[in-house]
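A.B. asks: Supplied in C-alpha cells, the structure appears directly below.
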Amino acid sequence: MSAREEILQRVRAGLGKGDAAARRAAAEACMSNPARGPQPQLAGDRVARFAGKALSLASSAERVGCAMEVPAAVARYLAEHCLPSQAVATGDVADLDWIGAGIEVATRVAVDADQTGISGCFCAIAETGTLLLLSGPQTPASVSLLPETHIAVVPVGRIVATMEDAFALLRAEHGGLPRAVNFISGPSRTGDIEQTIVLGAHGPCRVHLILCGESS
Amino acid sequence: MKAAVHSQAMHFQARAGVQVANKGLQKALEKAKPLFVGKRAKGIAGLAEDGLGFEELRSTCEAIRRRVVDDLDVWLEIFEERARASGAEVLWARDGDEIRRHVIDIARRHGVTKAVKSKSMLSEEARLNEALSAAGIRPVETDLGEYIIQLAGEAPSHIIAPAVHKTIGEVEALFAKEHGRPAGTRTSADIPAMAREARAVLRQHFLSAEMGISGANFLIAESGSAALVTNEGNGRMVTTLPRVHVVITGIEKIVPTLEDFATLMRLLPRSATGQSISNYVSLLTGTRGANETEGPEKTVFILVDNGRAALAGSDFSDMLRCIRCGACMNHCPVYFSLGGHAYGWVYPGPMGSVLTPLYTGIENALDLPHASTGCNQCGSVCPVNIPLPALMHRLREIQDERGLRPRHERFALRAWGWLAARPGLYRLLTRRAARYLRWLADDSGRIRVLGLAPGWSDGRDLPAPPGQTFHELYAARKRA
C-alpha cells in the first residue's frame with residue numbers, strides 16, 4: 001500500500017466516521033462561504049492607524065500629496081541616509097518620473113549588490129501596519145527582500161482595515177493567489193542571540209513608507 | 001517506531017540533573033523567562049485596544065483547528081488536490097525514514113549540492129541534516145538560532161528560540177571558528193555586529209543553494225498554499241531564491257480558508273513572541289509563473305504522519321490542534337528549571353511531554369508525563385485550548401494500565417487505594433500522620449528534613465501542615 005493510502009486509512013480508522021461524501025460537501029461549503037472570526041474595531045482614522053503601527057514596528061513613513069511627488073521624496077530619503085541614487089524597482093512604480101528626481105532605476109529582479117529596492121504594494125493593512133505585496137513578472141519578491149533598504153509606495157486609498165479585508169480585495173481583483181503573497185511588517189529582525197532584538201537579520205534593515213494620494 | 005531510536009527521553013531524570021547543575025544554562029533561562037512571559041502578556045493585553053478578547057479569539061481558533069482535525073482525511077484530500085492544481089507536487093511520508101528518502105531523491109534528481117533551510121521541526125524529527133550530509137548534500141540552517149546550534153552540533157532546545165540556552169560567549173566562539181577569525185570578548189553591545197556577520201555569511205549560501213527546505217506554519221486547504229511566518233526573512237529567502245522548494249509538514253497543519261488563517265494569525269505571533277504580527281508572513285502557492293524570472297521551478301510538499309494519524313479520534317486528538325507557538329513551554333516552571341534538552345527529543349516543555357511519548361512510544365518516555373507540577377499554566381495560555389495537564393494525566397493512566405510503572409509505585413498506589421476504601425482506618429492513620437508532620441516542623445513552621453523520605457527535602461523545605469486532618473478541621477468548622 002502507498003504511504004498516502006496507508007496514512008489516510010489510519011486517519012479514517014481513527015475517526016471512525018462514514019459518509020465521506022457528506023463530510024466532503026460540508027468542507028466544500030465551509031470554503032465557498034468563508035466565515036470571519038471576531039473582527040477588531042479600529043478606532044480613529046485608518047491611515048493614521050496604519051502609519052502609527054508601522055512606526056511602532058520600526059518602519060519610517062512620510063506622507064506626500066500625490067504619486068508624482070514620490071520620486072522627489074525618495075531622492076530626499078536617499079540623500080539623508082547617504083545612499084547612492086541608484087535603485088532596483090518593481091514594475092508597478094516604474095512609470096514614475098525617477099529620472100526627473102535624479103534617481104537611476106532598474107526594473108528587474110534584485111541582486112545582492114542592490115542597496116535600495118523600491119516597490120509599490122497590492123494593499124496595506126491598518127490593523128497591524130502591514131504591507132501586502134504580490135509576486136509576479138512585474139513585481140519580483142526579491143526587490144523587497146535582498147536590498148538593505150526597502151522603500152514602499154503606499155496609496156492611502158489602498159489601506160484596508162484587516163487581513164480579511166485584504167483577502168477580500170485579493171479575491172475580487174485577482175481570483176486566486178499568485179505564487180507568493182508577502183505580508184511585510186517592518187524591517188527584518190532577530191532575537192536569537194540572548195533574546196536581544198536586532199534589526200536587519202536577512203531581509204532589509206530599513207523599511208521606509210511613502211504614503212500618497214487621498215483616502216478613498 | 002523509528003523515532004525512538006534517537007530519542008533520549010528515557011534519560012530524562014539523569015539529563016535533568018545535569019541541566020540543573022549547568023550554570024550557563026541556568027543564567028540563560030533566568031534571563032529568558034521574564035522576557036517570554038512579559039512579551040506575551042503585553043501582546044495579549046493589546047487585543048483589548050481593538051475590542052478583541054482572548055477567550056473569544058481562542059475559542060474561535062480552537063473551533064477552526066477542531067473542524068480540520070475532526071475530518072482530517074477530507075481536508076487532506078482537498079489540500080492535496082488544490083496544491084497539485086496550482087502546480088506543486090505532493091508526496092506522503094509515513095516516518096522520518098521516508099522524509100529522508102524523499103528529500104534526497106528530489107535533491108539528486110535536481111542536481112542539488114547545497115540546501116538552505118528555514119526552521120522545520122519535522123526535519124528535526126527526521127534528523128534530515130545528518131542524512132543530507134551523508135548523501136553529499138550540504139544542509140545550511142538559516143534561522144539565526146538554528147544556525148548557531150548547527151555550528152554547535154546540537155539540537156534545538158526551544159521550538160521558536162532554538163538557541164535560547166546559548167550565552168553570547170558560546171555564540172562568539174562558534175562564529176569565530178566557523179567564520180575563520182580569532183574569537184573576541186563580546187558584550188550585548190556587540191550583538192548587532194554578530195548578527196551582521198551571520199547575515200553576510202548566510203547571504204552567500206542563500207544565493208548559491210539550489211534547494212530551499214522549509215516547514216509550514218499552516219497549510220491552506222482553500223488555495224493549496226503553505227503559510228510561513230518568520231521575523232528574520234530567511235523563510236522568504238529560502239522560498240524565493242533556490243530553484244527547488246521542499247515543504248516538509250505534518251498532516252495536521254491544515255486550516256480551511258484564508259479567513260481562518262487571518263484569525264489564527266491574531267493569536268500565533270502574540271502567543272509566541274507577543275508581536276501583533278511577525279515581520280514576514282508568506283503564502284506560497286505553486287511554482288514560478290510563465291513570465292517570472294525568480295521563484296522555485298519545482299515545489300514539493302511532503303505530508304508527514306510519523307505518529308500523527310494514530311492520534312485522530314483518540315484520547316489525544318486534542319494535541320493535533322497544536323499550532324507550535326511555544327507558549328506552553330514559555331510558561332512552564334519545569335521547562336525553565338531544565339531547559340529543552342532535558343526532554344530528550346524534538347519537542348520540549350508540556351507539548352513535548354505529551355507528543356514525545358505519543359510519537360516515539362509511551363514506553364520510551366516514561367518520565368515525561370510526570371514532568372509537570374499540574375499548575376496548568378500551559379493550558380491557560382494555549383491559543384487553541386489544549387488541555388495539556390489532562391493529556392499528561394491520561395498518559396500516566398496508560399502507563400499504569402500497561403504495567404509500565406515501577407513495582408514499588410504500583411504497590412504504594414494499590415495500598416493507598418485499599419486504605420482509602422476503609423474510612424475508619426484511613427482517618428486514624430491520617431490523624432497520626434498529621435500530628436507527626438506537625439511534630440517534625442521547626443519554630444518557623446517548616447519541615448527541614450522529611451523523616452520517612454529525607455531525599456524529598458534535600459533541595460527544599462515542606463511547609464508544615466496544621467497538625468489536624470481535613471476531616472477534623474471540617475468537623476470543627478461545622479460545629480462552630
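Chain labels A, B, ... are given in the sequence in which chains occur in the C-alpha cells; within each chain residues are numbered consecutively from 1, and ligands are likewise numbered from 1 in the order shown.
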What are the DSSP helix (DSSP H, G or I) residues of segment 80-169 of chain A, as a list in words?
C.D. replies: Glu80, Gly91, Asp92, Val93, Ile99, Gly100, Ala101, Ala141, Ser142, Val143, Ser144, Val156, Gly157, Arg158, Met163, Glu164, Asp165, Ala166, Phe167, Ala168 and Leu169 of chain A
A.B. asks: For all heavy atoms, I'd like the residues from the last selection saved as a short mmCIF file (atom, residue, chain, number, x, y, z; two decimals), in the first residue's frame.
C.D. replies:
```cif
data_model
loop_
_atom_site.label_atom_id
_atom_site.label_comp_id
_atom_site.auth_asym_id
_atom_site.auth_seq_id
_atom_site.Cartn_x
_atom_site.Cartn_y
_atom_site.Cartn_z
N GLU A 80 19.45 61.81 2.60
CA GLU A 80 19.53 61.85 4.07
C GLU A 80 20.30 60.66 4.64
O GLU A 80 20.97 60.77 5.65
CB GLU A 80 18.12 61.79 4.66
CG GLU A 80 17.51 63.12 5.02
CD GLU A 80 16.03 62.93 5.33
OE1 GLU A 80 15.69 61.98 6.07
OE2 GLU A 80 15.21 63.71 4.79
N GLY A 91 7.82 46.78 -11.30
CA GLY A 91 7.17 47.40 -12.45
C GLY A 91 6.03 48.33 -12.09
O GLY A 91 5.74 49.29 -12.82
N ASP A 92 5.38 48.08 -10.95
CA ASP A 92 4.21 48.89 -10.61
C ASP A 92 4.57 50.33 -10.23
O ASP A 92 3.68 51.18 -10.13
CB ASP A 92 3.38 48.22 -9.50
CG ASP A 92 4.21 47.83 -8.29
OD1 ASP A 92 5.46 47.90 -8.37
OD2 ASP A 92 3.62 47.45 -7.26
N VAL A 93 5.88 50.62 -10.01
CA VAL A 93 6.26 52.01 -9.74
C VAL A 93 7.23 52.55 -10.79
O VAL A 93 7.76 53.65 -10.67
CB VAL A 93 6.88 52.17 -8.32
CG1 VAL A 93 5.84 51.89 -7.24
CG2 VAL A 93 8.10 51.27 -8.15
N ILE A 99 13.82 59.74 -13.31
CA ILE A 99 14.94 60.48 -13.90
C ILE A 99 14.86 61.95 -13.49
O ILE A 99 15.85 62.57 -13.12
CB ILE A 99 14.92 60.33 -15.45
CG1 ILE A 99 15.14 58.86 -15.81
CG2 ILE A 99 15.97 61.23 -16.10
CD1 ILE A 99 14.86 58.53 -17.25
N GLY A 100 13.64 62.48 -13.49
CA GLY A 100 13.42 63.87 -13.09
C GLY A 100 13.92 64.15 -11.68
O GLY A 100 14.30 65.27 -11.35
N ALA A 101 13.89 63.11 -10.82
CA ALA A 101 14.34 63.29 -9.44
C ALA A 101 15.81 62.89 -9.27
O ALA A 101 16.33 62.88 -8.16
CB ALA A 101 13.46 62.48 -8.49
N ALA A 141 9.57 39.35 -5.95
CA ALA A 141 9.61 39.46 -4.49
C ALA A 141 10.99 39.88 -3.99
O ALA A 141 11.12 40.44 -2.90
CB ALA A 141 9.21 38.12 -3.87
N SER A 142 12.04 39.62 -4.78
CA SER A 142 13.39 39.89 -4.30
C SER A 142 13.66 41.39 -4.10
O SER A 142 14.51 41.77 -3.31
CB SER A 142 14.42 39.31 -5.28
OG SER A 142 14.17 39.80 -6.58
N VAL A 143 12.88 42.26 -4.78
CA VAL A 143 13.10 43.71 -4.66
C VAL A 143 12.85 44.18 -3.22
O VAL A 143 13.52 45.07 -2.71
CB VAL A 143 12.20 44.47 -5.66
CG1 VAL A 143 12.25 45.98 -5.40
CG2 VAL A 143 12.63 44.16 -7.09
N SER A 144 11.89 43.56 -2.54
CA SER A 144 11.58 43.95 -1.16
C SER A 144 12.34 43.08 -0.16
O SER A 144 12.05 43.12 1.03
CB SER A 144 10.07 43.82 -0.91
OG SER A 144 9.66 42.47 -1.11
N VAL A 156 -2.82 55.73 -0.17
CA VAL A 156 -3.63 55.59 1.05
C VAL A 156 -5.02 55.01 0.75
O VAL A 156 -5.64 54.41 1.63
CB VAL A 156 -3.75 56.93 1.83
CG1 VAL A 156 -2.40 57.37 2.33
CG2 VAL A 156 -4.40 57.99 0.97
N GLY A 157 -5.48 55.16 -0.49
CA GLY A 157 -6.75 54.55 -0.85
C GLY A 157 -6.70 53.02 -0.83
O GLY A 157 -7.73 52.35 -0.86
N ARG A 158 -5.49 52.48 -0.78
CA ARG A 158 -5.33 51.02 -0.74
C ARG A 158 -5.09 50.50 0.67
O ARG A 158 -4.68 49.35 0.85
CB ARG A 158 -4.16 50.59 -1.64
CG ARG A 158 -4.33 50.94 -3.11
CD ARG A 158 -5.41 50.17 -3.80
NE ARG A 158 -5.10 48.76 -4.01
CZ ARG A 158 -5.91 47.90 -4.64
NH1 ARG A 158 -7.07 48.32 -5.12
NH2 ARG A 158 -5.56 46.64 -4.79
N MET A 163 -6.56 41.93 7.71
CA MET A 163 -6.08 40.91 6.79
C MET A 163 -7.26 40.30 6.01
O MET A 163 -7.14 40.00 4.83
CB MET A 163 -5.32 39.82 7.56
CG MET A 163 -4.51 38.88 6.69
SD MET A 163 -3.69 37.54 7.61
CE MET A 163 -2.13 38.27 8.00
N GLU A 164 -8.39 40.15 6.68
CA GLU A 164 -9.58 39.61 6.00
C GLU A 164 -10.00 40.52 4.84
O GLU A 164 -10.37 40.06 3.76
CB GLU A 164 -10.75 39.44 6.98
CG GLU A 164 -10.59 38.28 7.96
CD GLU A 164 -9.89 38.68 9.24
OE1 GLU A 164 -9.12 39.67 9.23
OE2 GLU A 164 -10.10 38.00 10.26
N ASP A 165 -9.95 41.85 5.10
CA ASP A 165 -10.31 42.80 4.03
C ASP A 165 -9.32 42.70 2.87
O ASP A 165 -9.69 42.83 1.70
CB ASP A 165 -10.32 44.24 4.57
CG ASP A 165 -11.52 44.49 5.49
OD1 ASP A 165 -12.46 43.67 5.47
OD2 ASP A 165 -11.49 45.49 6.23
N ALA A 166 -8.04 42.48 3.21
CA ALA A 166 -7.02 42.33 2.17
C ALA A 166 -7.32 41.09 1.32
O ALA A 166 -7.21 41.13 0.08
CB ALA A 166 -5.63 42.23 2.80
N PHE A 167 -7.72 40.00 1.96
CA PHE A 167 -8.06 38.78 1.21
C PHE A 167 -9.30 39.01 0.33
O PHE A 167 -9.37 38.49 -0.78
CB PHE A 167 -8.29 37.61 2.16
CG PHE A 167 -7.01 37.06 2.76
CD1 PHE A 167 -6.94 36.72 4.11
CD2 PHE A 167 -5.88 36.86 1.98
CE1 PHE A 167 -5.77 36.22 4.67
CE2 PHE A 167 -4.70 36.36 2.53
CZ PHE A 167 -4.65 36.04 3.87
N ALA A 168 -10.25 39.77 0.84
CA ALA A 168 -11.46 40.06 0.06
C ALA A 168 -11.08 40.82 -1.21
O ALA A 168 -11.57 40.54 -2.31
CB ALA A 168 -12.46 40.86 0.91
N LEU A 169 -10.17 41.80 -1.05
CA LEU A 169 -9.70 42.58 -2.19
C LEU A 169 -8.96 41.69 -3.19
O LEU A 169 -9.13 41.80 -4.41
CB LEU A 169 -8.77 43.67 -1.66
CG LEU A 169 -8.54 44.93 -2.49
CD1 LEU A 169 -9.85 45.64 -2.76
CD2 LEU A 169 -7.56 45.87 -1.76
#
```
A.B. asks: Write out as a ChimeraX atom specification which residues come within 9 Å of segment 239-245 of chain B when counting only C-alpha atoms, dropping same-chain ones fewer than 2 positions away.
C.D. replies: /A:141-142,180 /B:106-107,110,112,115-116,118,206-214,234-237,247,284,287,294-301
A.B. asks: Would you write out those residues with C-alpha atoms, as a PDB file, in the first residue's frame?
C.D. replies:
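Result written to selection-v1.pdb:
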```pdb
ATOM      1  CA  ALA A 141       9.613  39.462  -4.490  1.00  0.00           C
ATOM      2  CA  SER A 142      13.395  39.893  -4.301  1.00  0.00           C
ATOM      3  CA  ALA A 180       3.926  34.402  -3.313  1.00  0.00           C
TER       4      ALA A 180
ATOM      5  CA  ILE B 106      14.434  15.202  -5.013  1.00  0.00           C
ATOM      6  CA  ALA B 107      17.892  16.674  -4.420  1.00  0.00           C
ATOM      7  CA  HIS B 110      17.687  18.251  -9.484  1.00  0.00           C
ATOM      8  CA  VAL B 112      21.402  19.799  -5.673  1.00  0.00           C
ATOM      9  CA  ALA B 115      20.189  23.129   0.651  1.00  0.00           C
ATOM     10  CA  VAL B 116      19.325  26.249   2.651  1.00  0.00           C
ATOM     11  CA  SER B 118      14.220  27.648   7.175  1.00  0.00           C
ATOM     12  CA  PHE B 206      21.067  31.785   0.002  1.00  0.00           C
ATOM     13  CA  LEU B 207      22.426  32.918  -3.351  1.00  0.00           C
ATOM     14  CA  SER B 208      24.250  29.691  -4.155  1.00  0.00           C
ATOM     15  CA  ALA B 209      21.933  26.944  -2.845  1.00  0.00           C
ATOM     16  CA  GLU B 210      19.922  25.018  -5.414  1.00  0.00           C
ATOM     17  CA  MET B 211      17.295  23.878  -2.927  1.00  0.00           C
ATOM     18  CA  GLY B 212      15.301  25.518  -0.158  1.00  0.00           C
ATOM     19  CA  ILE B 213      13.741  23.440   2.610  1.00  0.00           C
ATOM     20  CA  SER B 214      11.095  24.874   4.912  1.00  0.00           C
ATOM     21  CA  ASN B 234      15.041  33.650   5.939  1.00  0.00           C
ATOM     22  CA  GLY B 235      11.742  31.941   5.144  1.00  0.00           C
ATOM     23  CA  ARG B 236      11.300  34.312   2.205  1.00  0.00           C
ATOM     24  CA  MET B 237      14.884  33.797   1.001  1.00  0.00           C
ATOM     25  CA  VAL B 247       7.954  21.976   2.250  1.00  0.00           C
ATOM     26  CA  LEU B 284       3.298  30.235  -1.113  1.00  0.00           C
ATOM     27  CA  THR B 287       5.683  27.349  -8.732  1.00  0.00           C
ATOM     28  CA  GLU B 294      12.516  34.139  -9.984  1.00  0.00           C
ATOM     29  CA  GLY B 295      10.878  31.701  -7.611  1.00  0.00           C
ATOM     30  CA  PRO B 296      11.188  27.909  -7.492  1.00  0.00           C
ATOM     31  CA  GLU B 297      10.646  25.958 -10.702  1.00  0.00           C
ATOM     32  CA  LYS B 298       9.713  22.974  -8.579  1.00  0.00           C
ATOM     33  CA  THR B 299       7.692  22.969  -5.352  1.00  0.00           C
ATOM     34  CA  VAL B 300       7.179  19.742  -3.410  1.00  0.00           C
ATOM     35  CA  PHE B 301       5.039  19.234  -0.320  1.00  0.00           C
TER      36      PHE B 301
END
```
A.B. asks: Work out how far atom CA of Glu252 of chain B is from atom CA of Thr128 of chain A, in Å to one decimal.
C.D. replies: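 We find that atom CA of Thr128 of chain A and atom CA of Glu252 of chain B lie 27.7 Å from each other.
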A.B. asks: Between atom CA of Ile386 of chain B and atom CA of Ala83 of chain B, what is the spacing in Å?
C.D. replies: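 Taking atom CA of Ala83 of chain B and atom CA of Ile386 of chain B, their separation equals 28.9 Å.
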A.B. asks: If you run DSSP on the backbone here, which positions in segment 13-247 of chain B get strand (DSSP E)? Please write them as a ChimeraX atom specification.
C.D. replies: /B:89-93,114-117,138-141,211-214,218-220,225-230,244-247
